[in-house]
$ cat model.txt   # compact mmCIF, C-alpha atoms
# COMPACT_ATOMS: atom_id res chain seq x y z
CA MET A 4 61.76 16.63 14.33
CA LYS A 5 58.84 19.00 14.89
CA TYR A 6 58.05 18.88 11.17
CA GLY A 7 58.12 15.07 11.24
CA MET A 8 55.74 14.89 14.22
CA LYS A 9 53.41 17.43 12.62
CA ARG A 10 53.34 15.43 9.42
CA PHE A 11 52.65 12.26 11.41
CA PHE A 12 49.62 13.81 13.15
CA VAL A 13 48.27 15.12 9.84
CA ILE A 14 48.48 11.64 8.32
CA LEU A 15 46.90 10.11 11.45
CA THR A 16 44.04 12.60 11.30
CA LEU A 17 43.38 11.79 7.64
CA LEU A 18 43.46 8.05 8.31
CA THR A 19 41.06 8.44 11.23
CA ALA A 20 38.68 10.46 9.07
CA ALA A 21 38.83 7.79 6.38
CA VAL A 22 38.07 5.02 8.88
CA LEU A 23 35.13 6.97 10.27
CA CYS A 24 33.87 7.57 6.75
CA PHE A 25 33.94 3.87 5.88
CA SER A 26 32.45 2.78 9.20
CA GLU A 27 29.57 5.26 9.09
CA GLU A 28 26.14 3.65 8.83
CA THR A 29 24.30 3.96 5.53
CA ALA A 30 20.73 3.30 4.45
CA LYS A 31 21.94 0.19 2.65
CA SER A 32 23.69 -1.21 5.73
CA LEU A 33 20.65 -0.49 7.91
CA ALA A 34 18.36 -2.22 5.41
CA LEU A 35 20.71 -5.23 5.32
CA GLN A 36 20.78 -5.54 9.11
CA ALA A 37 17.01 -5.08 9.34
CA SER A 38 16.44 -7.85 6.78
CA LYS A 39 18.38 -10.29 8.96
CA LYS A 40 15.93 -9.99 11.85
CA ASP A 41 13.74 -13.05 12.49
CA ASP A 42 10.59 -11.00 13.03
CA VAL A 43 9.33 -8.12 10.90
CA GLU A 44 8.46 -6.17 14.05
CA LEU A 45 12.08 -6.40 15.12
CA SER A 46 13.11 -5.11 11.69
CA ILE A 47 10.81 -2.13 12.05
CA SER A 48 12.01 -1.37 15.58
CA TYR A 49 15.63 -1.60 14.46
CA LEU A 50 15.04 0.87 11.64
CA GLU A 51 13.05 3.30 13.80
CA LYS A 52 15.82 3.30 16.40
CA ASN A 53 18.75 3.72 14.02
CA ILE A 54 17.51 5.95 11.19
CA PRO A 55 17.76 9.18 13.25
CA SER A 56 21.46 8.50 13.80
CA LEU A 57 22.25 8.55 10.08
CA LYS A 58 24.29 11.66 9.31
CA ALA A 59 24.02 12.02 5.54
CA ALA A 60 20.69 13.48 4.43
CA ALA A 61 20.49 11.20 1.38
CA GLU A 62 21.00 8.12 3.58
CA LYS A 63 18.33 9.20 6.05
CA ARG A 64 15.90 9.97 3.22
CA ALA A 65 16.41 6.54 1.63
CA ALA A 66 16.09 4.75 4.98
CA TYR A 67 12.75 6.43 5.73
CA VAL A 68 11.49 5.34 2.31
CA TYR A 69 12.63 1.78 3.00
CA LEU A 70 10.90 1.73 6.40
CA ALA A 71 7.73 3.20 4.87
CA SER A 72 7.66 0.50 2.19
CA ILE A 73 7.77 -2.23 4.86
CA LEU A 74 4.98 -0.59 6.85
CA GLU A 75 2.90 -0.22 3.70
CA LYS A 76 3.27 -3.89 2.83
CA MET A 77 2.07 -4.73 6.33
CA GLY A 78 -1.03 -2.61 5.87
CA ARG A 79 0.06 -0.02 8.42
CA TYR A 80 -0.78 2.83 6.08
CA THR A 81 -0.88 5.73 8.54
CA GLN A 82 2.64 4.97 9.79
CA ALA A 83 3.85 4.40 6.23
CA GLN A 84 2.37 7.71 5.10
CA LYS A 85 4.17 9.59 7.89
CA ASN A 86 7.53 8.02 7.03
CA TYR A 87 7.13 8.75 3.32
CA ALA A 88 6.28 12.34 4.21
CA GLN A 89 9.34 12.56 6.46
CA ALA A 90 11.52 11.31 3.62
CA ALA A 91 9.99 13.79 1.16
CA ALA A 92 10.78 16.65 3.52
CA ILE A 93 14.52 15.91 3.37
CA ALA A 94 16.24 17.87 0.62
CA ALA A 95 18.70 15.33 -0.74
CA GLY A 96 19.39 13.03 -3.66
CA ASN A 97 19.40 9.25 -3.79
CA ALA A 98 21.58 7.09 -1.58
CA GLU A 99 24.09 4.61 -2.98
CA GLY A 100 22.70 1.09 -3.34
CA MET A 101 19.09 2.07 -2.60
CA PRO A 102 16.09 2.42 -4.95
CA LYS A 103 16.09 5.74 -6.76
CA LYS A 104 13.07 7.95 -6.15
CA THR A 105 12.32 11.57 -6.84
CA THR A 106 10.76 13.72 -4.14
CA GLU A 107 7.59 13.88 -6.24
CA GLU A 108 7.36 10.09 -6.31
CA ILE A 109 7.81 9.91 -2.54
CA VAL A 110 5.03 12.48 -2.04
CA LEU A 111 2.77 10.32 -4.21
CA ASP A 112 3.71 7.32 -2.05
CA ALA A 113 2.53 9.31 0.98
CA VAL A 114 -0.70 10.22 -0.84
CA ARG A 115 -1.36 6.59 -1.73
CA CYS A 116 -0.91 5.46 1.87
CA ALA A 117 -3.15 8.23 3.19
CA LEU A 118 -5.84 7.12 0.73
CA CYS A 119 -5.41 3.48 1.71
CA ALA A 120 -5.91 4.51 5.32
CA GLY A 121 -9.11 6.33 4.36
CA ASP A 122 -7.61 9.71 5.19
CA SER A 123 -8.73 11.79 2.22
CA GLU A 124 -7.94 15.12 3.91
CA THR A 125 -4.27 14.31 4.40
CA ALA A 126 -4.08 12.92 0.86
CA LYS A 127 -5.55 16.11 -0.57
CA SER A 128 -3.16 18.28 1.44
CA TYR A 129 -0.20 16.43 -0.10
CA LEU A 130 -1.72 16.71 -3.58
CA ASN A 131 -2.00 20.46 -3.09
CA SER A 132 1.70 20.79 -2.28
CA ALA A 133 4.52 21.59 -4.68
CA VAL A 134 4.00 18.24 -6.40
CA ARG A 135 1.08 19.79 -8.28
CA ASN A 136 3.57 21.87 -10.28
CA SER A 137 5.37 18.78 -11.57
CA SER A 138 6.39 18.75 -15.22
CA SER A 139 6.17 14.95 -15.32
CA GLU A 140 3.18 13.60 -17.24
CA LYS A 141 3.25 10.44 -15.14
CA VAL A 142 3.17 12.39 -11.87
CA GLN A 143 0.29 14.52 -13.16
CA ALA A 144 -1.58 11.35 -14.14
CA TYR A 145 -1.26 9.98 -10.61
CA ILE A 146 -2.38 13.31 -9.15
CA LYS A 147 -5.56 13.22 -11.23
CA LEU A 148 -6.25 9.58 -10.35
CA TYR A 149 -5.64 10.10 -6.63
CA GLU A 150 -7.89 13.15 -6.62
CA GLN A 151 -10.74 10.95 -7.82
CA TRP A 152 -9.86 8.29 -5.26
CA ALA A 153 -10.08 10.93 -2.53
CA LEU A 154 -13.51 11.95 -3.79
CA LEU A 155 -14.60 8.30 -3.78
CA ILE A 156 -13.60 8.04 -0.12
CA ASP A 157 -15.68 11.12 0.66
CA SER A 158 -18.73 9.72 -1.14
CA ASP A 159 -21.32 8.22 1.19
CA SER A 160 -23.71 6.88 -1.44
CA VAL A 161 -23.65 5.30 -4.90
CA LYS A 162 -25.43 8.35 -6.27
CA LYS A 163 -22.48 10.57 -5.36
CA THR A 164 -20.05 8.40 -7.30
CA GLY A 165 -21.77 9.05 -10.64
CA GLU A 166 -19.73 12.11 -11.60
CA ILE A 167 -16.50 10.47 -10.44
CA VAL A 168 -17.19 7.39 -12.55
CA ALA A 169 -17.87 9.63 -15.56
CA ILE A 170 -14.52 11.41 -15.06
CA LEU A 171 -12.67 8.11 -14.71
CA LYS A 172 -14.27 6.86 -17.93
CA THR A 173 -12.92 9.96 -19.68
CA TYR A 174 -9.49 9.47 -18.13
CA ALA A 175 -9.45 5.86 -19.39
CA GLU A 176 -9.40 7.20 -22.95
CA LEU A 177 -6.76 9.91 -22.55
CA ASP A 178 -3.20 9.27 -23.76
CA SER A 179 -1.90 11.49 -20.95
CA MET A 180 -3.34 8.99 -18.43
CA LYS A 181 -1.91 5.85 -20.03
CA SER A 182 0.57 5.29 -17.17
CA VAL A 183 -2.34 4.78 -14.73
CA ARG A 184 -4.87 3.27 -17.15
CA PRO A 185 -4.81 -0.22 -15.56
CA LYS A 186 -5.59 1.34 -12.17
CA ILE A 187 -8.41 3.40 -13.68
CA LEU A 188 -9.94 0.29 -15.25
CA LEU A 189 -9.61 -1.65 -12.01
CA THR A 190 -11.30 1.18 -10.10
CA LEU A 191 -14.16 1.34 -12.60
CA TRP A 192 -14.63 -2.43 -12.39
CA HIS A 193 -14.54 -2.37 -8.60
CA VAL A 194 -17.03 0.50 -8.27
CA THR A 195 -19.49 -0.45 -11.00
CA GLY A 196 -19.14 -4.22 -11.21
CA ASP A 197 -19.22 -3.85 -15.01
CA LYS A 198 -17.24 -6.72 -16.56
CA SER A 199 -16.38 -4.68 -19.63
CA TRP A 200 -13.68 -2.95 -17.57
CA SER A 201 -12.17 -6.22 -16.38
CA GLN A 202 -12.31 -7.53 -19.95
CA GLN A 203 -10.28 -4.51 -21.12
CA LEU A 204 -7.69 -5.30 -18.49
CA GLN A 205 -7.53 -8.93 -19.53
CA LYS A 206 -7.26 -8.04 -23.22
CA ASN A 207 -4.91 -5.06 -23.19
CA PHE A 208 -2.91 -5.28 -19.96
CA LYS A 209 -1.91 -8.92 -19.55
CA GLY A 210 0.75 -9.45 -16.93
CA THR A 211 -0.12 -6.36 -14.90
CA PRO A 212 -1.13 -6.70 -11.24
CA GLU A 213 -4.53 -5.22 -12.06
CA GLU A 214 -5.18 -7.85 -14.74
CA ALA A 215 -4.11 -10.56 -12.29
CA VAL A 216 -6.68 -9.31 -9.76
CA VAL A 217 -9.66 -9.38 -12.12
CA SER A 218 -8.52 -12.73 -13.54
CA GLY A 219 -8.36 -14.26 -10.08
CA LYS A 220 -4.64 -15.02 -10.26
CA ILE A 221 -3.97 -12.93 -7.18
CA GLN A 222 -6.26 -11.47 -4.57
CA MET A 223 -6.46 -7.80 -3.76
CA GLN A 224 -5.26 -7.10 -0.22
CA PRO A 225 -8.17 -5.15 1.24
CA SER A 226 -7.49 -1.72 2.66
CA PRO A 227 -9.87 0.86 4.08
CA PHE A 228 -9.95 2.62 0.70
CA TRP A 229 -11.43 -0.32 -1.19
CA TYR A 230 -14.10 -0.80 1.45
CA PHE A 231 -15.02 2.87 1.88
CA VAL A 232 -16.10 3.25 -1.71
CA PRO A 233 -19.84 2.85 -2.37
CA ARG A 234 -20.31 0.23 -5.08
CA SER A 235 -23.15 0.06 -7.58
CA GLY A 236 -22.31 -3.50 -8.63
CA ASN A 237 -20.71 -6.69 -7.43
CA ALA A 238 -17.19 -6.94 -8.84
CA VAL A 239 -16.22 -10.57 -8.29
CA PRO A 240 -12.89 -11.82 -9.66
CA ASP A 241 -12.84 -14.94 -11.78
CA VAL A 242 -11.15 -16.75 -8.89
CA VAL A 243 -14.33 -18.79 -8.31
CA ASN A 244 -13.52 -20.60 -11.56
CA GLN A 245 -10.04 -21.57 -10.44
CA ASP A 246 -8.39 -23.66 -7.76
CA ALA A 247 -8.61 -21.35 -4.73
CA LYS A 248 -5.44 -22.83 -3.27
CA ASN A 249 -3.40 -21.29 -6.07
CA VAL A 250 -4.58 -17.76 -5.35
CA GLU A 251 -2.01 -15.40 -3.89
CA THR A 252 -2.83 -12.38 -1.75
CA ALA A 253 -1.33 -9.09 -2.92
CA ARG A 254 -1.68 -5.38 -2.28
CA VAL A 255 -1.22 -4.67 -5.96
CA PRO A 256 -3.85 -2.04 -6.81
CA GLU A 257 -2.76 0.35 -4.12
CA GLY A 258 0.77 1.14 -5.18
CA THR A 259 3.12 1.53 -8.08
CA GLU A 260 6.51 -0.15 -8.19
CA SER A 261 6.53 -1.06 -4.48
CA GLU A 262 3.55 -3.41 -4.64
CA GLY A 263 3.93 -6.86 -3.13
CA LYS A 264 2.68 -9.58 -0.85
CA LYS A 265 1.78 -9.17 2.77
CA VAL A 266 4.83 -9.24 5.03
CA SER A 267 4.57 -11.54 8.04
CA SER A 268 6.98 -13.00 10.51
CA LYS A 269 8.24 -16.56 10.25
CA ASN A 270 6.04 -17.73 13.14
CA ASP A 271 2.80 -16.04 12.07
CA LYS A 272 -0.36 -18.12 11.85
CA ILE A 273 -3.70 -17.25 10.32
CA VAL A 274 -6.37 -16.65 12.97
CA ARG A 275 -9.21 -15.33 10.79
CA GLN A 276 -10.17 -14.11 7.34
CA GLN A 277 -11.24 -10.48 6.96
CA LEU A 278 -13.96 -9.79 4.41
CA GLY A 279 -14.97 -6.19 4.86
CA LEU A 280 -14.27 -2.86 6.50
CA PHE A 281 -17.19 -0.44 6.57
CA LYS A 282 -18.07 3.04 7.79
CA GLU A 283 -21.73 2.05 8.12
CA LYS A 284 -22.57 -0.77 10.52
CA SER A 285 -25.62 -1.68 8.43
CA ASN A 286 -23.34 -2.55 5.50
CA ALA A 287 -21.30 -4.83 7.74
CA GLU A 288 -24.50 -6.50 8.96
CA ASN A 289 -25.65 -7.05 5.37
CA LEU A 290 -22.39 -8.86 4.59
CA VAL A 291 -22.76 -11.01 7.71
CA ASN A 292 -26.24 -12.01 6.55
CA ARG A 293 -24.92 -12.94 3.09
CA LEU A 294 -22.23 -15.05 4.71
CA LYS A 295 -24.79 -16.74 6.94
CA GLU A 296 -26.84 -17.69 3.89
CA LYS A 297 -23.76 -19.47 2.54
CA GLY A 298 -23.20 -21.33 5.80
CA PHE A 299 -20.45 -19.17 7.33
CA THR A 300 -20.39 -17.79 10.86
CA ALA A 301 -19.12 -14.21 10.76
CA ARG A 302 -18.65 -11.58 13.42
CA ILE A 303 -18.34 -7.80 13.51
CA THR A 304 -15.72 -5.89 15.46
CA SER A 305 -15.19 -2.13 15.54
CA GLU A 306 -12.02 -0.10 15.31
CA VAL A 307 -11.41 3.62 15.80
CA ARG A 308 -8.79 4.99 13.41
CA PRO A 309 -6.47 7.97 14.11
CA SER A 310 -8.87 10.17 12.12
CA GLY A 311 -11.51 9.50 14.80
CA THR A 312 -13.75 7.52 12.46
CA THR A 313 -15.15 4.18 13.63
CA TYR A 314 -15.02 1.31 11.16
CA TYR A 315 -16.79 -2.03 11.32
CA ILE A 316 -14.80 -5.11 10.40
CA VAL A 317 -16.38 -8.36 9.21
CA ALA A 318 -14.34 -11.50 9.79
CA VAL A 319 -14.68 -15.27 9.86
CA ASP A 320 -12.49 -17.26 12.24
CA GLU A 321 -10.08 -19.77 10.72
CA ASN A 322 -10.97 -23.43 11.21
CA LYS A 323 -8.67 -26.20 12.46
CA ALA A 324 -8.02 -27.40 8.94
CA GLY A 325 -6.99 -23.92 7.82
CA THR A 326 -9.34 -24.00 4.83
CA ILE A 327 -11.72 -21.11 5.56
CA GLY A 328 -10.01 -18.78 3.10
CA ASP A 329 -10.34 -21.33 0.29
CA GLU A 330 -14.00 -21.98 1.16
CA LEU A 331 -14.84 -18.27 1.22
CA ARG A 332 -13.19 -17.60 -2.13
CA THR A 333 -14.90 -20.63 -3.67
CA ALA A 334 -18.21 -19.18 -2.46
CA GLY A 335 -17.40 -15.91 -4.23
CA PHE A 336 -16.28 -13.78 -1.27
CA GLU A 337 -13.18 -11.59 -1.25
CA CYS A 338 -11.10 -12.17 1.88
CA TYR A 339 -7.57 -11.98 3.15
CA PRO A 340 -5.77 -13.61 6.09
CA VAL A 341 -5.17 -11.87 9.39
CA PHE A 342 -2.09 -13.16 11.17
CA GLU A 343 -1.30 -13.51 14.84
$ encode --input "model.txt" --output "structure tokens"
Amino acid sequence: MKYGMKRFFVILTLLTAAVLCFSEETAKSLALQASKKDDVELSISYLEKNIPSLKAAAEKRAAYVYLASILEKMGRYTQAQKNYAQAAAIAAGNAEGMPKKTTEEIVLDAVRCALCAGDSETAKSYLNSAVRNSSSEKVQAYIKLYEQWALLIDSDSVKKTGEIVAILKTYAELDSMKSVRPKILLTLWHVTGDKSWSQQLQKNFKGTPEEAVVSGKIQMQPSPFWYFVPRSGNAVPDVVNQDAKNVETARVPEGTESEGKKVSSKNDKIVRQQLGLFKEKSNAENLVNRLKEKGFTARITSEVRPSGTTYYIVAVDENKAGTIGDELRTAGFECYPVFE
């Protein structure tokens, strides 16, 4: 009898353990529940609340990457960078049913978001971590590209971009940099305004996000990085030659595989179009004057970022017809919608 009872409790214990195992939350189940929320903010809150309770390191790592990717798509780069960094700090493999990423790739995700936020110091600190010893040619290519992006952020005049542009031109010819060549060409086009770079993209890299940007098929989602960089030319996409209503807004140049459209909630509405984000107020004022010449009424607001730097934002309020974005793009201005 005692043996029978003992055996019964052993079996019960094993069954209980199995039930607990199957009922335990995973990164995949959290992502599924988060995706069912009606508002993206609710999705983010749900993930932030529940990720710490995940027990398996691999699940927690994957969930932080998933949360970071949502934040990045929303343009909340500082928060995204911190979550990518938190994921990279977890020593674990990939979780079942979630995108597979190496730790080196996650570190590069954190670097990209730091750069997009205009935080070159944080980006450089990540680049100087163990990722620098990577044996992957692709990882090394991104390290070299992001180093130049960090230097572009630190440049406060066109003159100081000369050496960086020269290095990027060299990189554009190297076989070891082929994995990031479209991004190099886009950067050169954006900084110099030289159409030869956009023509290379259109000729040799059809179907890439970078080619779509210069061709005017999609619009680059502005981030602090793209507005910090001093520009020696006026890189205007060919969107002015197309129907502006068919132009999509995308954050394509800033990422790798996780690039995509802006995430907004179902009830969001466009309240204004943002055209620029500047460190120098005089540059913002110059853009306002250009807009005024074209018949637009623009305004400047300021914003202090976590780094302590003040940035000046140029925006034009949406009209009742909801056509301001189309009108701005037709006039040759880059802009993207700000939702409420």
$ residues_near_point --input "model.txt" --point "(-9.2, 18.4, -4.5)" --cutoff "8 Å" --atoms "all atoms listed in the file" --output "VMD selection string"
chain A and resid 127 130 to 131 150 153 to 154
$ closest_residue --input "model.txt" --among "A:Lys104, A:Arg275, A:Lys172, A:Lys147" --to "A:Ala90" --atoms "all atoms listed in the file"
A:Lys104
$ atom_distance --input "model.txt" --atom1 "atom CA of A:Lys58" --atom2 "atom CA of A:Glu28"
8.2 Å
$ residues_around --input "model.txt" --residues "stretch 91-96 of chain A" --least-positions-apart "6" --cutoff "7 Å" --atoms "all atoms listed in the file" --output "list in words"
Ala60, Ala61, Arg64, Thr106, Ile109 and Val110 of chain A
$ closest_atom_pairs --input "model.txt" --of "stretch 152-224 of chain A" --to "stretch 132-141 of chain A" --cutoff "9 Å" --atoms "only C-alpha atoms" --output "tab-separated table"
residue	atom	partner	partner_atom	distance
A:Ser179	CA	A:Glu140	CA	6.6
A:Met180	CA	A:Lys141	CA	7.5
A:Lys181	CA	A:Lys141	CA	8.5
A:Ser182	CA	A:Lys141	CA	6.2
A:Val183	CA	A:Lys141	CA	8.0
$ closest_residue --input "model.txt" --among "A:Asn53, A:Ser226, A:Ser38, A:Asn322" --to "A:Arg79" --atoms "all atoms listed in the file"
A:Ser226
$ residues_near_point --input "model.txt" --point "(-2.0, -7.5, -18.7)" --cutoff "12 Å" --atoms "only C-alpha atoms" --output "PDB file with C-alpha atoms, in the coordinates of the input"
ATOM      1  CA  ARG A 184      -4.870   3.270 -17.150  1.00  0.00           C
ATOM      2  CA  PRO A 185      -4.810  -0.220 -15.560  1.00  0.00           C
ATOM      3  CA  LYS A 186      -5.590   1.340 -12.170  1.00  0.00           C
ATOM      4  CA  LEU A 188      -9.940   0.290 -15.250  1.00  0.00           C
ATOM      5  CA  LEU A 189      -9.610  -1.650 -12.010  1.00  0.00           C
ATOM      6  CA  SER A 201     -12.170  -6.220 -16.380  1.00  0.00           C
ATOM      7  CA  GLN A 202     -12.310  -7.530 -19.950  1.00  0.00           C
ATOM      8  CA  GLN A 203     -10.280  -4.510 -21.120  1.00  0.00           C
ATOM      9  CA  LEU A 204      -7.690  -5.300 -18.490  1.00  0.00           C
ATOM     10  CA  GLN A 205      -7.530  -8.930 -19.530  1.00  0.00           C
ATOM     11  CA  LYS A 206      -7.260  -8.040 -23.220  1.00  0.00           C
ATOM     12  CA  ASN A 207      -4.910  -5.060 -23.190  1.00  0.00           C
ATOM     13  CA  PHE A 208      -2.910  -5.280 -19.960  1.00  0.00           C
ATOM     14  CA  LYS A 209      -1.910  -8.920 -19.550  1.00  0.00           C
ATOM     15  CA  GLY A 210       0.750  -9.450 -16.930  1.00  0.00           C
ATOM     16  CA  THR A 211      -0.120  -6.360 -14.900  1.00  0.00           C
ATOM     17  CA  PRO A 212      -1.130  -6.700 -11.240  1.00  0.00           C
ATOM     18  CA  GLU A 213      -4.530  -5.220 -12.060  1.00  0.00           C
ATOM     19  CA  GLU A 214      -5.180  -7.850 -14.740  1.00  0.00           C
ATOM     20  CA  ALA A 215      -4.110 -10.560 -12.290  1.00  0.00           C
ATOM     21  CA  VAL A 216      -6.680  -9.310  -9.760  1.00  0.00           C
ATOM     22  CA  VAL A 217      -9.660  -9.380 -12.120  1.00  0.00           C
ATOM     23  CA  SER A 218      -8.520 -12.730 -13.540  1.00  0.00           C
ATOM     24  CA  LYS A 220      -4.640 -15.020 -10.260  1.00  0.00           C
TER      25      LYS A 220
END
$ atom_distance --input "model.txt" --atom1 "atom CA of A:Gly219" --atom2 "atom CA of A:Gly196"
14.8 Å
$ atom_distance --input "model.txt" --atom1 "atom CA of A:Ala318" --atom2 "atom CA of A:Leu290"
9.9 Å
